>>> print(open('target.pdb').read())   # PDB, C-alpha atoms
ATOM      1  CA  MET N   1      17.093 -20.035  18.631
ATOM      2  CA  ASN N   2      16.743 -19.075  14.981
ATOM      3  CA  GLN N   3      19.499 -16.654  14.018
ATOM      4  CA  SER N   4      17.634 -15.270  10.991
ATOM      5  CA  MET N   5      18.412 -12.005   9.263
ATOM      6  CA  SER N   6      15.025 -10.743  10.421
ATOM      7  CA  PRO N   7      14.435 -11.865  14.005
ATOM      8  CA  ALA N   8      11.027 -11.606  15.590
ATOM      9  CA  ILE N   9      12.243  -9.147  18.223
ATOM     10  CA  SER N  10      14.869  -6.414  18.309
ATOM     11  CA  VAL N  11      15.859  -4.956  21.678
ATOM     12  CA  VAL N  12      17.364  -1.469  21.356
ATOM     13  CA  VAL N  13      19.582  -0.320  24.226
ATOM     14  CA  PRO N  14      21.073   3.210  24.328
ATOM     15  CA  VAL N  15      24.325   3.235  26.311
ATOM     16  CA  PHE N  16      26.325   6.105  27.740
ATOM     17  CA  ASN N  17      28.987   5.439  30.386
ATOM     18  CA  GLU N  18      27.371   2.357  31.925
ATOM     19  CA  GLU N  19      30.327  -0.061  31.923
ATOM     20  CA  GLU N  20      29.473  -1.550  35.330
ATOM     21  CA  ASN N  21      25.961  -2.432  34.154
ATOM     22  CA  MET N  22      26.710  -4.125  30.840
ATOM     23  CA  SER N  23      27.328  -7.720  31.930
ATOM     24  CA  ILE N  24      24.414  -7.670  34.386
ATOM     25  CA  LEU N  25      22.073  -6.226  31.786
ATOM     26  CA  GLN N  26      23.025  -8.772  29.143
ATOM     27  CA  SER N  27      22.526 -11.623  31.590
ATOM     28  CA  GLU N  28      19.086 -10.325  32.535
ATOM     29  CA  LEU N  29      18.120  -9.813  28.895
ATOM     30  CA  ARG N  30      19.126 -13.373  28.038
ATOM     31  CA  GLY N  31      16.952 -14.651  30.863
ATOM     32  CA  ALA N  32      13.946 -12.519  29.928
ATOM     33  CA  LEU N  33      14.154 -13.436  26.235
ATOM     34  CA  ALA N  34      15.018 -17.122  26.593
ATOM     35  CA  GLY N  35      13.368 -19.214  23.889
ATOM     36  CA  LEU N  36      12.527 -16.221  21.683
ATOM     37  CA  ASP N  37      13.980 -15.254  18.310
ATOM     38  CA  TYR N  38      15.683 -11.949  19.098
ATOM     39  CA  GLU N  39      18.604  -9.637  18.564
ATOM     40  CA  ILE N  40      20.010  -6.934  20.830
ATOM     41  CA  VAL N  41      21.168  -3.662  19.302
ATOM     42  CA  PHE N  42      23.379  -1.679  21.658
ATOM     43  CA  VAL N  43      23.962   1.947  20.667
ATOM     44  CA  ASP N  44      27.048   3.381  22.344
ATOM     45  CA  ASP N  45      26.357   7.099  22.567
ATOM     46  CA  GLY N  46      29.994   8.235  22.627
ATOM     47  CA  SER N  47      30.828   6.666  25.998
ATOM     48  CA  THR N  48      34.113   7.797  27.539
ATOM     49  CA  ASP N  49      34.460   4.674  29.692
ATOM     50  CA  ARG N  50      34.711   1.001  28.674
ATOM     51  CA  SER N  51      30.991   0.411  28.116
ATOM     52  CA  ALA N  52      31.441  -0.811  24.540
ATOM     53  CA  ASP N  53      34.268  -3.152  25.557
ATOM     54  CA  LYS N  54      32.068  -4.708  28.244
ATOM     55  CA  ILE N  55      29.382  -5.770  25.772
ATOM     56  CA  GLU N  56      29.669  -9.515  25.232
ATOM     57  CA  THR N  57      29.760 -10.492  21.578
ATOM     58  CA  ALA N  58      27.278 -13.047  20.236
ATOM     59  CA  PRO N  59      25.648 -13.810  16.862
ATOM     60  CA  ASN N  60      22.503 -11.974  17.931
ATOM     61  CA  VAL N  61      24.256  -8.982  19.536
ATOM     62  CA  ARG N  62      25.063  -5.913  17.437
ATOM     63  CA  LEU N  63      26.832  -2.699  18.367
ATOM     64  CA  VAL N  64      26.305   0.735  16.823
ATOM     65  CA  ARG N  65      28.849   3.340  17.969
ATOM     66  CA  PHE N  66      28.604   7.127  17.782
ATOM     67  CA  GLU N  67      31.745   9.221  17.350
ATOM     68  CA  LYS N  68      30.642  11.508  20.168
ATOM     69  CA  ASN N  69      27.851  11.820  22.707
ATOM     70  CA  THR N  70      24.709  12.906  20.875
ATOM     71  CA  GLY N  71      21.904  12.120  23.321
ATOM     72  CA  GLN N  72      19.302   9.510  24.125
ATOM     73  CA  SER N  73      16.950  10.481  21.306
ATOM     74  CA  ALA N  74      19.675  10.030  18.691
ATOM     75  CA  ALA N  75      20.758   6.709  20.212
ATOM     76  CA  LEU N  76      17.214   5.350  20.270
ATOM     77  CA  TYR N  77      16.461   6.552  16.749
ATOM     78  CA  ALA N  78      19.668   5.054  15.345
ATOM     79  CA  GLY N  79      18.976   1.773  17.130
ATOM     80  CA  ILE N  80      15.409   1.637  15.829
ATOM     81  CA  GLN N  81      16.622   2.292  12.288
ATOM     82  CA  ALA N  82      19.215  -0.482  12.630
ATOM     83  CA  ALA N  83      16.737  -2.959  14.150
ATOM     84  CA  ARG N  84      15.610  -5.832  11.945
ATOM     85  CA  GLY N  85      12.881  -7.332  14.129
ATOM     86  CA  GLN N  86       9.153  -7.197  13.533
ATOM     87  CA  THR N  87       8.707  -5.982  17.105
ATOM     88  CA  ILE N  88      11.089  -3.418  18.593
ATOM     89  CA  VAL N  89      11.693  -3.150  22.332
ATOM     90  CA  MET N  90      13.402  -0.148  23.933
ATOM     91  CA  ILE N  91      15.077  -0.347  27.337
ATOM     92  CA  ASP N  92      17.558   1.766  29.315
ATOM     93  CA  SER N  93      21.033   0.468  30.132
ATOM     94  CA  ASP N  94      21.155   1.766  33.723
ATOM     95  CA  LEU N  95      19.378  -1.337  35.168
ATOM     96  CA  GLN N  96      16.475   0.731  36.489
ATOM     97  CA  ASN N  97      14.204  -0.778  33.821
ATOM     98  CA  ASP N  98      13.640  -4.480  34.497
ATOM     99  CA  PRO N  99      14.113  -6.830  31.505
ATOM    100  CA  ALA N 100      11.714  -9.260  33.207
ATOM    101  CA  ASP N 101       8.889  -6.918  32.126
ATOM    102  CA  ILE N 102       9.649  -7.358  28.421
ATOM    103  CA  PRO N 103       7.475 -10.499  27.945
ATOM    104  CA  ARG N 104       4.480  -8.588  29.322
ATOM    105  CA  LEU N 105       5.020  -5.798  26.792
ATOM    106  CA  LEU N 106       5.352  -8.352  23.991
ATOM    107  CA  ALA N 107       2.098  -9.975  25.104
ATOM    108  CA  GLU N 108       0.294  -6.656  24.648
ATOM    109  CA  ILE N 109       1.651  -6.416  21.102
ATOM    110  CA  SER N 110       0.526  -9.971  20.340
ATOM    111  CA  HIS N 111      -2.946  -9.059  21.635
ATOM    112  CA  GLY N 112      -3.275  -6.239  19.111
ATOM    113  CA  ALA N 113      -1.570  -3.154  20.517
ATOM    114  CA  ASP N 114       0.742  -1.217  18.193
ATOM    115  CA  LEU N 115       2.716   0.367  21.033
ATOM    116  CA  ALA N 116       2.978  -0.902  24.612
ATOM    117  CA  CYS N 117       4.348   1.679  27.062
ATOM    118  CA  GLY N 118       5.599   0.879  30.513
ATOM    119  CA  TYR N 119       4.888   3.261  33.343
ATOM    120  CA  ARG N 120       6.831   3.259  36.595
ATOM    121  CA  ALA N 121       4.131   2.716  39.216
ATOM    122  CA  LYS N 122       6.606   2.722  42.127
ATOM    123  CA  ARG N 123       9.590   4.820  41.186
ATOM    124  CA  LYS N 124      12.890   4.277  42.971
ATOM    125  CA  ASP N 125      14.237   7.807  42.533
ATOM    126  CA  THR N 126      14.791  10.742  44.851
ATOM    127  CA  LEU N 127      11.727  12.680  45.994
ATOM    128  CA  THR N 128      12.797  15.712  43.970
ATOM    129  CA  LYS N 129      13.167  13.689  40.782
ATOM    130  CA  ARG N 130       9.814  11.967  41.291
ATOM    131  CA  LEU N 131       7.992  15.257  41.841
ATOM    132  CA  THR N 132       9.604  17.044  38.915
ATOM    133  CA  SER N 133       8.974  14.083  36.610
ATOM    134  CA  ARG N 134       5.340  13.900  37.680
ATOM    135  CA  ILE N 135       4.827  17.571  36.876
ATOM    136  CA  ALA N 136       6.673  17.239  33.567
ATOM    137  CA  ASN N 137       4.625  14.184  32.572
ATOM    138  CA  PHE N 138       1.377  15.979  33.380
ATOM    139  CA  VAL N 139       2.197  19.134  31.420
ATOM    140  CA  ARG N 140       3.920  17.412  28.495
ATOM    141  CA  SER N 141       1.232  14.818  27.901
ATOM    142  CA  ARG N 142      -1.647  17.265  27.990
ATOM    143  CA  PHE N 143       0.097  19.894  25.941
ATOM    144  CA  ALA N 144       0.847  17.361  23.206
ATOM    145  CA  LYS N 145      -2.807  16.139  23.389
ATOM    146  CA  TYR N 146      -1.888  12.465  23.738
ATOM    147  CA  TYR N 147      -1.867  11.584  27.419
ATOM    148  CA  VAL N 148       0.289   8.820  28.851
ATOM    149  CA  ARG N 149       1.155   8.286  32.493
ATOM    150  CA  ASP N 150       4.943   8.242  32.189
ATOM    151  CA  THR N 151       6.534   9.828  29.119
ATOM    152  CA  GLY N 152      10.000   9.415  30.634
ATOM    153  CA  CYS N 153       9.911   5.624  30.902
ATOM    154  CA  THR N 154      12.108   4.197  28.135
ATOM    155  CA  LEU N 155      10.724   0.656  28.443
ATOM    156  CA  LYS N 156       8.406   0.174  25.466
ATOM    157  CA  ALA N 157       7.570  -2.304  22.706
ATOM    158  CA  MET N 158       6.175  -1.422  19.305
ATOM    159  CA  ARG N 159       5.375  -2.923  15.952
ATOM    160  CA  ARG N 160       8.031  -2.218  13.362
ATOM    161  CA  GLU N 161       5.720  -0.099  11.208
ATOM    162  CA  CYS N 162       5.325   2.413  14.049
ATOM    163  CA  ALA N 163       8.900   3.539  13.485
ATOM    164  CA  ALA N 164       7.745   5.448  10.404
ATOM    165  CA  ALA N 165       5.870   7.855  12.702
ATOM    166  CA  LEU N 166       9.038   8.928  14.525
ATOM    167  CA  VAL N 167      10.777  12.175  13.639
ATOM    168  CA  PRO N 168      14.498  12.494  14.484
ATOM    169  CA  PHE N 169      14.904  15.548  16.701
ATOM    170  CA  LYS N 170      16.561  16.229  20.038
ATOM    171  CA  GLY N 171      14.077  15.235  22.727
ATOM    172  CA  MET N 172      12.170  12.791  20.510
ATOM    173  CA  HIS N 173      12.394  10.018  23.115
ATOM    174  CA  ARG N 174      10.047  11.944  25.416
ATOM    175  CA  PHE N 175       7.358  12.121  22.733
ATOM    176  CA  ILE N 176       7.389   8.655  21.189
ATOM    177  CA  PRO N 177       3.840   7.873  22.457
ATOM    178  CA  ALA N 178       2.492  11.200  21.143
ATOM    179  CA  LEU N 179       4.082  10.765  17.717
ATOM    180  CA  ILE N 180       2.918   7.172  17.322
ATOM    181  CA  ARG N 181      -0.602   7.710  18.659
ATOM    182  CA  GLY N 182      -0.878  10.862  16.559
ATOM    183  CA  ALA N 183      -0.239   8.719  13.479
ATOM    184  CA  GLY N 184      -3.314   6.643  14.304
ATOM    185  CA  TYR N 185      -1.749   3.665  16.046
ATOM    186  CA  GLN N 186      -3.210   1.992  19.129
ATOM    187  CA  LEU N 187      -1.390   2.408  22.439
ATOM    188  CA  VAL N 188      -1.662   0.601  25.765
ATOM    189  CA  GLU N 189       0.080   1.220  29.082
ATOM    190  CA  ILE N 190       1.103  -1.311  31.702
ATOM    191  CA  PRO N 191       2.816  -0.865  35.074
ATOM    192  CA  VAL N 192       6.438  -1.986  35.133
ATOM    193  CA  ASN N 193       9.063  -2.508  37.781
ATOM    194  CA  HIS N 194      11.470   0.321  38.506
ATOM    195  CA  ARG N 195      14.681  -0.298  40.396
ATOM    196  CA  PRO N 196      17.116   1.987  42.211
ATOM    197  CA  ARG N 197      20.293   2.818  40.326
ATOM    198  CA  ARG N 198      23.133   0.524  41.463
ATOM    199  CA  PHE N 199      26.082   1.898  39.510
ATOM    200  CA  GLY N 200      26.970   5.143  37.765
ATOM    201  CA  GLN N 201      24.933   8.317  37.913
ATOM    202  CA  THR N 202      22.010   9.932  36.166
ATOM    203  CA  LYS N 203      22.913  11.731  32.939
ATOM    204  CA  TYR N 204      20.316  14.492  33.116
ATOM    205  CA  GLY N 205      20.013  17.587  35.289
ATOM    206  CA  PHE N 206      16.548  18.900  36.107
ATOM    207  CA  GLY N 207      17.169  22.453  34.877
ATOM    208  CA  SER N 208      18.395  21.543  31.412
ATOM    209  CA  ARG N 209      15.841  18.744  31.039
ATOM    210  CA  ALA N 210      12.896  20.950  32.004
ATOM    211  CA  LEU N 211      13.929  23.748  29.640
ATOM    212  CA  ARG N 212      14.456  21.404  26.693
ATOM    213  CA  ALA N 213      11.236  19.501  27.342
ATOM    214  CA  THR N 214       9.253  22.743  27.432
ATOM    215  CA  THR N 215      10.758  23.868  24.123
ATOM    216  CA  ASP N 216      10.119  20.453  22.574
ATOM    217  CA  MET N 217       6.439  20.593  23.541
ATOM    218  CA  PHE N 218       5.833  23.554  21.252
ATOM    219  CA  GLY N 219       7.487  21.780  18.341
ATOM    220  CA  VAL N 220       5.606  18.521  18.849
ATOM    221  CA  ARG N 221       2.274  20.310  19.218
ATOM    222  CA  TRP N 222       2.903  22.110  15.926
ATOM    223  CA  LEU N 223       4.073  18.913  14.214
ATOM    224  CA  LEU N 224       0.997  16.958  15.266
ATOM    225  CA  SER N 225      -1.285  19.766  14.100
ATOM    226  CA  ARG N 226       0.357  19.704  10.654
ATOM    227  CA  ARG N 227       0.476  15.930  10.164
ATOM    228  CA  LEU N 228      -0.868  14.688   6.831
ATOM    229  CA  ASN N 229      -3.938  12.503   7.230
ATOM    230  CA  TYR N 230      -5.247  10.683   4.181
ATOM    231  CA  LYS N 231      -6.526   7.286   3.087
ATOM    232  CA  LEU N 232      -6.415   5.693  -0.346
ATOM    233  CA  ARG N 233      -9.705   4.783  -1.984
ATOM    234  CA  ASP N 234     -10.430   1.155  -2.694
ATOM    235  CA  SER N 235     -10.035   0.409  -6.398
TER     236      SER N 235
END
>>> encode(input="target.pdb", output="structure tokens")
Amino acid sequence: MNQSMSPAISVVVPVFNEEENMSILQSELRGALAGLDYEIVFVDDGSTDRSADKIETAPNVRLVRFEKNTGQSAALYAGIQAARGQTIVMIDSDLQNDPADIPRLLAEISHGADLACGYRAKRKDTLTKRLTSRIANFVRSRFAKYYVRDTGCTLKAMRRECAAALVPFKGMHRFIPALIRGAGYQLVEIPVNHRPRRFGQTKYGFGSRALRATTDMFGVRWLLSRRLNYKLRDS
């Protein structure tokens, strides 16, 4: 594998208190990315356990560490900014996203998509979480004007230039498709595997998540309505 300064693929992984998942995740990522020129950027979001210590060092593994817990949006944004690859993949560290789906996302990028979003066709969550997420996806996507099936699925791949469309704010991770599509990029969606959580616990409560997501919708709607849209004339 070519250990260049600019690998073809960067995999960004936000991490918060997932020490039991780290070795399994790295093994699965190695298998899914075998034969490809890639790096993995782990962003430790102020974990209070030994998550960072459990990350196996390698020439193509990098670790960004926050001083304190700042949230998934901050971790993803920092990882994307640190990424050096021409294609950037985002995946959760809780093992519910399946690294085996990454090649399918990369194939969509190679076929011309700017952003490939996974959607969890068969979710392995509690009934309450599935229902609340379905309602949130429906309202959020339509309010922001750019519909996708599953705004809460972290598993995505995008061309590097799409990162310029992202705005760093709390809750950004829920609106990545809206921000990127609103900038004029092409988006596709594919079904991906979703697995039950094996270790640890979910980091988000429904009440706080619903309130924040509702507030964020107003901001994103305003932002998209005020986006600059211009093209340079040919000389």
>>> residues_around(input="target.pdb", residues="range 194-200 of chain N", least_positions_apart="6", cutoff="8 Å", atoms="only C-alpha atoms", output="MDAnalysis selection string")
chainID N and resid 17:18 20:21 94:98 120:125
>>> atom_distance(input="target.pdb", atom1="CA of Ala165 in chain N", atom2="CA of Arg233 in chain N")
21.6 Å
>>> closest_residue(input="target.pdb", among="N:Ala100, N:Ile190, N:Glu67, N:Ala74", to="Leu33 in chain N", atoms="all atoms listed in the file")
N:Ala100
>>> closest_residue(input="target.pdb", among="N:Leu63, N:Leu25, N:Leu115, N:Ala75", to="Arg160 in chain N", atoms="all atoms listed in the file")
N:Leu115
>>> closest_residue(input="target.pdb", among="N:Arg227, N:Lys170, N:Arg181, N:Lys156", to="Gly71 in chain N", atoms="all atoms listed in the file")
N:Lys170
>>> resolve_selection(input="target.pdb", expression="the PyMOL selection byres ((chain N and resi 150) around 8)", output="list in words")
Gly118, Tyr119, Arg120, Arg134, Asn137, Val148, Arg149, Thr151, Gly152 and Cys153 of chain N
>>> closest_residue(input="target.pdb", among="N:Val64, N:Ala82, N:Val89, N:Leu223", to="Phe42 in chain N", atoms="all atoms listed in the file")
N:Val64
>>> atom_distance(input="target.pdb", atom1="CA of Cys117 in chain N", atom2="CA of Ala83 in chain N")
18.5 Å
>>> residues_around(input="target.pdb", residues="range 90-93 of chain N", least_positions_apart="4", cutoff="6 Å", atoms="all atoms listed in the file", output="ChimeraX atom specification")
/N:11-13,15,154-156
>>> atom_distance(input="target.pdb", atom1="CA of Ser51 in chain N", atom2="CA of Pro7 in chain N")
25.0 Å
>>> residues_near_point(input="target.pdb", point="(4.4, 5.9, 21.0)", cutoff="9 Å", atoms="all atoms listed in the file", output="number ranges by chain")
N: 114-117, 156-158, 162, 165-166, 175-182, 185-187
>>> resolve_selection(input="target.pdb", expression="the PyMOL selection byres ((chain N and resi 34) around 12)", output="PDB file with C-alpha atoms, in the frame of the given file")
ATOM      1  CA  MET N   1      17.093 -20.035  18.631  1.00  0.00           C
ATOM      2  CA  ASN N   2      16.743 -19.075  14.981  1.00  0.00           C
ATOM      3  CA  ILE N   9      12.243  -9.147  18.223  1.00  0.00           C
ATOM      4  CA  GLN N  26      23.025  -8.772  29.143  1.00  0.00           C
ATOM      5  CA  SER N  27      22.526 -11.623  31.590  1.00  0.00           C
ATOM      6  CA  GLU N  28      19.086 -10.325  32.535  1.00  0.00           C
ATOM      7  CA  LEU N  29      18.120  -9.813  28.895  1.00  0.00           C
ATOM      8  CA  ARG N  30      19.126 -13.373  28.038  1.00  0.00           C
ATOM      9  CA  GLY N  31      16.952 -14.651  30.863  1.00  0.00           C
ATOM     10  CA  ALA N  32      13.946 -12.519  29.928  1.00  0.00           C
ATOM     11  CA  LEU N  33      14.154 -13.436  26.235  1.00  0.00           C
ATOM     12  CA  GLY N  35      13.368 -19.214  23.889  1.00  0.00           C
ATOM     13  CA  LEU N  36      12.527 -16.221  21.683  1.00  0.00           C
ATOM     14  CA  ASP N  37      13.980 -15.254  18.310  1.00  0.00           C
ATOM     15  CA  TYR N  38      15.683 -11.949  19.098  1.00  0.00           C
ATOM     16  CA  GLU N  39      18.604  -9.637  18.564  1.00  0.00           C
ATOM     17  CA  PRO N  99      14.113  -6.830  31.505  1.00  0.00           C
ATOM     18  CA  ALA N 100      11.714  -9.260  33.207  1.00  0.00           C
ATOM     19  CA  ILE N 102       9.649  -7.358  28.421  1.00  0.00           C
ATOM     20  CA  PRO N 103       7.475 -10.499  27.945  1.00  0.00           C
TER      21      PRO N 103
END
>>> axis_aligned_box(input="target.pdb", around="range 149-158 of chain N", padding_each_side="6 Å", output="AutoDock Vina command-line options")
--center_x 6.6 --center_y 3.8 --center_z 25.9 --size_x 23.0 --size_y 24.1 --size_z 25.2
>>> closest_residue(input="target.pdb", among="N:Thr48, N:Met22, N:Gly85, N:Tyr77", to="Ala164 in chain N", atoms="only C-alpha atoms")
N:Tyr77
>>> resolve_selection(input="target.pdb", expression="the PyMOL selection byres ((chain N and resi 57) around 12)", output="PDB file with C-alpha atoms, keeping the file's coordinate frame")
ATOM      1  CA  MET N  22      26.710  -4.125  30.840  1.00  0.00           C
ATOM      2  CA  SER N  23      27.328  -7.720  31.930  1.00  0.00           C
ATOM      3  CA  GLN N  26      23.025  -8.772  29.143  1.00  0.00           C
ATOM      4  CA  GLU N  39      18.604  -9.637  18.564  1.00  0.00           C
ATOM      5  CA  ILE N  40      20.010  -6.934  20.830  1.00  0.00           C
ATOM      6  CA  VAL N  41      21.168  -3.662  19.302  1.00  0.00           C
ATOM      7  CA  PHE N  42      23.379  -1.679  21.658  1.00  0.00           C
ATOM      8  CA  ALA N  52      31.441  -0.811  24.540  1.00  0.00           C
ATOM      9  CA  ASP N  53      34.268  -3.152  25.557  1.00  0.00           C
ATOM     10  CA  LYS N  54      32.068  -4.708  28.244  1.00  0.00           C
ATOM     11  CA  ILE N  55      29.382  -5.770  25.772  1.00  0.00           C
ATOM     12  CA  GLU N  56      29.669  -9.515  25.232  1.00  0.00           C
ATOM     13  CA  ALA N  58      27.278 -13.047  20.236  1.00  0.00           C
ATOM     14  CA  PRO N  59      25.648 -13.810  16.862  1.00  0.00           C
ATOM     15  CA  ASN N  60      22.503 -11.974  17.931  1.00  0.00           C
ATOM     16  CA  VAL N  61      24.256  -8.982  19.536  1.00  0.00           C
ATOM     17  CA  ARG N  62      25.063  -5.913  17.437  1.00  0.00           C
ATOM     18  CA  LEU N  63      26.832  -2.699  18.367  1.00  0.00           C
TER      19      LEU N  63
END
>>> residues_near_point(input="target.pdb", point="(-0.8, -3.8, 27.0)", cutoff="7 Å", atoms="only C-alpha atoms", output="NGL selection string")
:N and (105 or 108-109 or 113 or 116 or 188-190)
>>> closest_residue(input="target.pdb", among="N:Ala78, N:Arg159, N:Arg84, N:Asn69", to="Gly112 in chain N", atoms="all atoms listed in the file")
N:Arg159
>>> decode(input="target.pdb", residues="range 75-93 of chain N", atoms="N, CA, C and O atoms", output="tab-separated table (two decimals), in the first residue's frame")
chain	number	residue	atom	x	y	z
N	75	ALA	N	-16.31	16.69	16.15
N	75	ALA	CA	-15.36	15.61	15.87
N	75	ALA	C	-15.30	15.31	14.37
N	75	ALA	O	-14.21	15.13	13.80
N	76	LEU	N	-16.45	15.25	13.73
N	76	LEU	CA	-16.46	15.00	12.29
N	76	LEU	C	-15.81	16.15	11.52
N	76	LEU	O	-15.01	15.93	10.61
N	77	TYR	N	-16.14	17.37	11.90
N	77	TYR	CA	-15.57	18.52	11.19
N	77	TYR	C	-14.05	18.56	11.34
N	77	TYR	O	-13.33	18.79	10.36
N	78	ALA	N	-13.56	18.35	12.54
N	78	ALA	CA	-12.12	18.35	12.77
N	78	ALA	C	-11.43	17.24	11.99
N	78	ALA	O	-10.35	17.43	11.42
N	79	GLY	N	-12.08	16.06	11.95
N	79	GLY	CA	-11.51	14.95	11.20
N	79	GLY	C	-11.47	15.22	9.71
N	79	GLY	O	-10.50	14.89	9.02
N	80	ILE	N	-12.53	15.83	9.20
N	80	ILE	CA	-12.59	16.17	7.77
N	80	ILE	C	-11.52	17.20	7.42
N	80	ILE	O	-10.86	17.10	6.39
N	81	GLN	N	-11.33	18.17	8.30
N	81	GLN	CA	-10.30	19.18	8.06
N	81	GLN	C	-8.90	18.57	8.10
N	81	GLN	O	-7.99	19.01	7.39
N	82	ALA	N	-8.70	17.56	8.93
N	82	ALA	CA	-7.40	16.92	9.05
N	82	ALA	C	-7.14	15.91	7.94
N	82	ALA	O	-5.99	15.56	7.67
N	83	ALA	N	-8.21	15.43	7.30
N	83	ALA	CA	-8.09	14.39	6.27
N	83	ALA	C	-7.29	14.88	5.08
N	83	ALA	O	-7.42	16.02	4.66
N	84	ARG	N	-6.49	13.98	4.51
N	84	ARG	CA	-5.66	14.33	3.36
N	84	ARG	C	-6.09	13.62	2.08
N	84	ARG	O	-5.53	13.86	1.02
N	85	GLY	N	-7.06	12.72	2.17
N	85	GLY	CA	-7.47	11.94	1.02
N	85	GLY	C	-8.32	12.71	0.03
N	85	GLY	O	-8.95	13.70	0.37
N	86	GLN	N	-8.37	12.21	-1.19
N	86	GLN	CA	-9.21	12.81	-2.22
N	86	GLN	C	-10.68	12.42	-2.04
N	86	GLN	O	-11.57	13.12	-2.49
N	87	THR	N	-10.91	11.31	-1.37
N	87	THR	CA	-12.26	10.90	-0.99
N	87	THR	C	-12.27	10.73	0.51
N	87	THR	O	-11.36	10.13	1.08
N	88	ILE	N	-13.31	11.26	1.16
N	88	ILE	CA	-13.41	11.20	2.62
N	88	ILE	C	-14.61	10.35	3.01
N	88	ILE	O	-15.73	10.59	2.54
N	89	VAL	N	-14.37	9.36	3.84
N	89	VAL	CA	-15.41	8.47	4.34
N	89	VAL	C	-15.65	8.79	5.81
N	89	VAL	O	-14.70	9.02	6.57
N	90	MET	N	-16.90	8.81	6.21
N	90	MET	CA	-17.26	9.02	7.62
N	90	MET	C	-17.97	7.78	8.15
N	90	MET	O	-18.85	7.24	7.48
N	91	ILE	N	-17.59	7.34	9.35
N	91	ILE	CA	-18.20	6.15	9.93
N	91	ILE	C	-18.18	6.26	11.45
N	91	ILE	O	-17.25	6.81	12.03
N	92	ASP	N	-19.23	5.77	12.10
N	92	ASP	CA	-19.30	5.78	13.56
N	92	ASP	C	-18.33	4.75	14.15
N	92	ASP	O	-17.94	3.79	13.47
N	93	SER	N	-18.02	4.93	15.43
N	93	SER	CA	-17.10	4.02	16.11
N	93	SER	C	-17.82	2.99	16.97
N	93	SER	O	-17.18	2.20	17.66
